[in-house]
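Only one structure is covered here, and it is reproduced in the block below.
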Amino acid sequence: MKNKTFIFALLLFVVASCNEGNYSITGKSYEVLEPKVYNELQKKFSEIGDFEQGTAIVQDRGLFGLINGKGKLIVECMYDSILPIRNNNRVVSLNGKYGILNITGNLIVDCIYDDYRVAYKENYFPFSINGKWGFVSENNEVLIQFKYDAIEYITDSTFVGKINSKQGLFDYNENAILQPIYDVIGYNVIENFSYVRIGDKYGYVNSHNKLITKCEWGFTLPENGYLILRKSIPGKLGYNEKELAINVETGEIVIPMEYDNIDDYSDGLFCVRKDDKYGYLNNKNEVVIPLKFADAMSFSEGLAMVAIEDGIFYSIGGPLPRRTYGFIDKTGTFVIHPKFGDPLFNDGSKKFSEGLCAVGVKSSKYYWAQKFGYIDITGKYVIEPIFTKAGDFINGIAVVERGNKYGGINKRGEIIIDIK
């Protein structure tokens with residue numbers, strides 16, 4: 001009987017120990033901890049964080065420590081900060097210096113470093129010391145020498161390092177993918193592309209970190225796989241602004257620099273302007289719809305807003321060609337005949353969005369439209385033109401203006417955000 005009692009007690013001890021050291025526990029502290037324990041800890045600590053891999057950060061009198069899944073304090077509240085888990089470890093700071101705690105709360109790298117950046121590569125921790133940056137392991141082994149003036153844009157395969165005030169792109173073997181000759185190397189996370197800058201001129205880099213243009217352009221963002229680049233080139237009467245389009249991955253020029261304007265690639269076509277006439281090209285530089293319109297927008301949902309000239313408007317500044325707007329399909333055929341006013345000062349993209357497009361009523365008194373509503377793909381007003389401005393529909397809601405006040409409507413034209 002004594003042996004059975006001993007074994008039972010031993011099992012309880014083992015189970016309790018396993019619960020305390022369960023490093024797979026993740027979740028809200030009030031869900032992980034027993035209610036009684038959580039309530040008691042709330043009285044003791046000013047903050048109890050979420051659990052990550054079996055531990056949670058707690059705060060007491062401005063200092064931070066760690067508790068386990070049973071609410072036991074396993075790291076005293078002594079640190080200036082404790083960061084979320086990265087690479088199965090936590091970076092901590094003490095008296096303005098940084099070090100590393102392992103998952104069990106033991107200090108494995110002393111707090112000797114001056115600064116820290118968030119790590120994305122396993123077992124590579126970026127720290128600075130004496131004004132220089134490098135990487136160390138969880139064993140405090142120097143993996144990349146402390147020789148960089150700064151380290152930025154750290155991914156799991158590359159990082160941007162600054163040497164002698166110039167930035168380069170490096171891998172974790174310290175091979176220079178882009179030499180440190182640039183004033184800036186930047187990333188646009190949303191578009192998944194990067195750029196470089198020397199002075200005020202930009203170059204562009206594809207998703208494989210290959211430079212596809214020299215630093216000779218203004219800043220722009222890619223759209224649907226292409227970059228539209230602009231440059232001033234000599235002409236008969238001085239300099240003219242011209243644009244070209246390149247493939248953002250290969251750097252291949254798909255539309256040469258012979259157009260005054262190229263809109264973003266949309267629905268398989270580029271809208272282009274040359275000598276004040278608009279038309280459409282494909283990505284092989286082939287004219288799909290001739291350049292014959294007085295104005296034009298990019299295609300969206302199979303249709304594009306275009307304008308024809310149909311008379312003269314007499315203004316204080318002199319006569320202007322009057323433009324009337326309709327919609328064409330990809331053959332260049334009008335499917336909604338020109339009858340709408342100039343949308344020059346309207347908000348939005350002037351394209352179909354979620355089956356509707358904001359268009360204006362043609363005015364005899366004004367050059368551009370003063371009232372806007374929404375049509376469907378048949379050209380019928382489904383929301384009457386009662387707004388002074390009307391934006392695109394996004395997730396079923398459009399921002400509209402009336403009387404210099406803004407609000408929101410749904411696709412039935414009902415006001416769901418008061419115009420105030």
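Simple scheme: letters A, B, ... for chains in structure tokens order, numbers from 1 for residues in each chain, numbers from 1 for ligands in the order shown.
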Give me the residues near region 89-100 of chain A as a PDB file with N, CA and C atoms, in the first residue's frame, where near means some atom within 6 Å (using only C-alpha atoms) and where sequence neighbours in that chain fewer than 2 positions away do not count.
ATOM      1  N   TYR A  79      13.591  43.311 -15.751  1.00  0.00           N
ATOM      2  CA  TYR A  79      14.062  43.783 -17.047  1.00  0.00           C
ATOM      3  C   TYR A  79      13.299  45.033 -17.489  1.00  0.00           C
ATOM      4  N   ASP A  80      14.010  45.912 -18.212  1.00  0.00           N
ATOM      5  CA  ASP A  80      13.376  47.110 -18.774  1.00  0.00           C
ATOM      6  C   ASP A  80      12.366  46.738 -19.849  1.00  0.00           C
ATOM      7  N   SER A  81      12.634  45.681 -20.580  1.00  0.00           N
ATOM      8  CA  SER A  81      11.705  45.192 -21.608  1.00  0.00           C
ATOM      9  C   SER A  81      11.977  43.716 -21.867  1.00  0.00           C
ATOM     10  N   ILE A  82      10.927  43.008 -22.245  1.00  0.00           N
ATOM     11  CA  ILE A  82      11.031  41.624 -22.731  1.00  0.00           C
ATOM     12  C   ILE A  82      10.216  41.568 -24.010  1.00  0.00           C
ATOM     13  N   LEU A  83      10.835  41.164 -25.099  1.00  0.00           N
ATOM     14  CA  LEU A  83      10.177  41.189 -26.399  1.00  0.00           C
ATOM     15  C   LEU A  83       9.483  39.859 -26.693  1.00  0.00           C
ATOM     16  N   ILE A  85       8.526  36.330 -28.537  1.00  0.00           N
ATOM     17  CA  ILE A  85       9.450  35.247 -28.912  1.00  0.00           C
ATOM     18  C   ILE A  85       9.839  35.349 -30.379  1.00  0.00           C
ATOM     19  N   ARG A  86      11.132  35.223 -30.633  1.00  0.00           N
ATOM     20  CA  ARG A  86      11.685  35.080 -31.980  1.00  0.00           C
ATOM     21  C   ARG A  86      12.718  33.976 -31.923  1.00  0.00           C
ATOM     22  N   ASN A  87      12.648  33.058 -32.870  1.00  0.00           N
ATOM     23  CA  ASN A  87      13.626  31.959 -32.919  1.00  0.00           C
ATOM     24  C   ASN A  87      13.680  31.201 -31.593  1.00  0.00           C
ATOM     25  N   ASN A 102      16.299  32.245 -23.042  1.00  0.00           N
ATOM     26  CA  ASN A 102      15.779  31.117 -23.799  1.00  0.00           C
ATOM     27  C   ASN A 102      14.330  30.847 -23.405  1.00  0.00           C
ATOM     28  N   ILE A 103      13.744  29.813 -23.964  1.00  0.00           N
ATOM     29  CA  ILE A 103      12.319  29.565 -23.785  1.00  0.00           C
ATOM     30  C   ILE A 103      11.962  29.211 -22.351  1.00  0.00           C
ATOM     31  N   LEU A 107      18.886  33.229 -18.861  1.00  0.00           N
ATOM     32  CA  LEU A 107      19.670  34.201 -19.624  1.00  0.00           C
ATOM     33  C   LEU A 107      20.803  33.471 -20.322  1.00  0.00           C
ATOM     34  N   ILE A 108      20.759  33.423 -21.670  1.00  0.00           N
ATOM     35  CA  ILE A 108      21.778  32.688 -22.424  1.00  0.00           C
ATOM     36  C   ILE A 108      22.759  33.620 -23.122  1.00  0.00           C
ATOM     37  N   VAL A 109      22.377  34.876 -23.306  1.00  0.00           N
ATOM     38  CA  VAL A 109      23.298  35.890 -23.815  1.00  0.00           C
ATOM     39  C   VAL A 109      23.191  37.090 -22.886  1.00  0.00           C
ATOM     40  N   ASP A 110      24.279  37.443 -22.252  1.00  0.00           N
ATOM     41  CA  ASP A 110      24.273  38.541 -21.282  1.00  0.00           C
ATOM     42  C   ASP A 110      23.837  39.854 -21.931  1.00  0.00           C
ATOM     43  N   CYS A 111      23.264  40.730 -21.143  1.00  0.00           N
ATOM     44  CA  CYS A 111      22.810  42.041 -21.627  1.00  0.00           C
ATOM     45  C   CYS A 111      24.017  42.973 -21.763  1.00  0.00           C
ATOM     46  N   ILE A 112      24.663  42.864 -22.933  1.00  0.00           N
ATOM     47  CA  ILE A 112      25.880  43.644 -23.178  1.00  0.00           C
ATOM     48  C   ILE A 112      25.781  44.490 -24.444  1.00  0.00           C
ATOM     49  N   TYR A 113      24.685  44.324 -25.220  1.00  0.00           N
ATOM     50  CA  TYR A 113      24.593  44.989 -26.512  1.00  0.00           C
ATOM     51  C   TYR A 113      23.780  46.283 -26.421  1.00  0.00           C
ATOM     52  N   ASP A 114      24.100  47.213 -27.309  1.00  0.00           N
ATOM     53  CA  ASP A 114      23.539  48.562 -27.223  1.00  0.00           C
ATOM     54  C   ASP A 114      22.158  48.679 -27.860  1.00  0.00           C
TER      55      ASP A 114
END
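Using only C-alpha atoms, the protein and nucleic acid residues lying no more than 6 Å from Tyr204 (chain A), apart from those fewer than 2 places from it along its own chain, are Tyr195, Leu211, Ile212 and Thr213 of chain A.
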Take the residues that were just selected and, keeping C-alpha atoms, output them as a tab-separated table (two decimals), in the first residue's frame.
chain	number	residue	atom	x	y	z
A	195	TYR	CA	14.19	50.01	-55.10
A	211	LEU	CA	18.69	45.21	-60.45
A	212	ILE	CA	16.49	45.73	-63.51
A	213	THR	CA	17.11	49.47	-64.07
(request) Mind the document's chain letters and residue numbers, and return as a PyMOL selection string the residues of region 48-146 of chain A that DSSP labels strand (DSSP E or B). (result) chain A and resi 48-52+55-60+63-67+73-79+81-82+86+89-94+97-102+107-113+115-116+125-129+132-136+142-146
(request) Fewer than 5 positions away in the same chain doesn't count, so skip those; otherwise give me all residues within 12 Å of Pro222 (chain A), counting only C-alpha atoms, as a PyMOL selection string. (result) chain A and resi 188+190-195+204-207+227-229+245-249+251+263-266
(request) Please provide as a ChimeraX atom specification all residues within 9 Å of region 129-131 of chain A, with the sequence filter that same-chain residues fewer than 3 positions apart are discarded (counting only C-alpha atoms). (result) /A:112-115,134,146-150
(request) Go through A:Asp329, A:Gly318, A:Asn395, A:Thr250 and flag the residue nearest Ile289 (chain A), using only C-alpha atoms for the distances. (result) A:Asp329
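With distances restricted to only C-alpha atoms, A:Ile57 is the closest residue to Lys28 (chain A) from A:Leu320, A:Ala296, A:Ile312, A:Ile57.
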(request) Please identify all polymer residues within 12 Å of region 279-282 of chain A, counting only C-alpha atoms, omitting same-chain residues fewer than 6 positions from it, and present them as a ChimeraX atom specification. (result) /A:245,254-256,259-273,288-299,304-307,328-332
(message) I'd like the contact shell of region 173-175 of chain A - 10 Å cut-off, only C-alpha atoms, skipping same-chain residues fewer than 4 positions apart - returned as number ranges by chain.
(response) A: 143-145, 157-159, 161, 169, 179
Go ahead and write the residues just picked, N, CA and C atoms, as a PDB file, in the first residue's frame.
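Saved result, part.pdb, follows:
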ATOM      1  N   LEU A 143      28.231  35.571 -35.693  1.00  0.00           N
ATOM      2  CA  LEU A 143      27.979  34.955 -36.988  1.00  0.00           C
ATOM      3  C   LEU A 143      28.332  35.894 -38.140  1.00  0.00           C
ATOM      4  N   ILE A 144      28.093  37.189 -37.958  1.00  0.00           N
ATOM      5  CA  ILE A 144      28.470  38.215 -38.933  1.00  0.00           C
ATOM      6  C   ILE A 144      29.099  39.357 -38.153  1.00  0.00           C
ATOM      7  N   GLN A 145      30.286  39.746 -38.566  1.00  0.00           N
ATOM      8  CA  GLN A 145      31.100  40.697 -37.810  1.00  0.00           C
ATOM      9  C   GLN A 145      30.379  42.025 -37.578  1.00  0.00           C
ATOM     10  N   SER A 157      16.489  35.707 -45.686  1.00  0.00           N
ATOM     11  CA  SER A 157      17.552  35.368 -46.632  1.00  0.00           C
ATOM     12  C   SER A 157      18.526  36.524 -46.900  1.00  0.00           C
ATOM     13  N   THR A 158      18.095  37.754 -46.633  1.00  0.00           N
ATOM     14  CA  THR A 158      18.947  38.912 -46.914  1.00  0.00           C
ATOM     15  C   THR A 158      18.764  39.979 -45.844  1.00  0.00           C
ATOM     16  N   PHE A 159      19.698  40.924 -45.849  1.00  0.00           N
ATOM     17  CA  PHE A 159      19.552  42.125 -45.021  1.00  0.00           C
ATOM     18  C   PHE A 159      20.245  43.287 -45.720  1.00  0.00           C
ATOM     19  N   GLY A 161      22.660  46.304 -45.270  1.00  0.00           N
ATOM     20  CA  GLY A 161      23.696  46.787 -44.371  1.00  0.00           C
ATOM     21  C   GLY A 161      24.310  48.070 -44.891  1.00  0.00           C
ATOM     22  N   LEU A 169      22.936  45.251 -50.249  1.00  0.00           N
ATOM     23  CA  LEU A 169      22.102  44.102 -49.890  1.00  0.00           C
ATOM     24  C   LEU A 169      22.999  42.878 -49.783  1.00  0.00           C
ATOM     25  N   GLN A 179      25.860  45.863 -54.316  1.00  0.00           N
ATOM     26  CA  GLN A 179      27.029  46.462 -53.699  1.00  0.00           C
ATOM     27  C   GLN A 179      26.646  47.681 -52.849  1.00  0.00           C
TER      28      GLN A 179
END
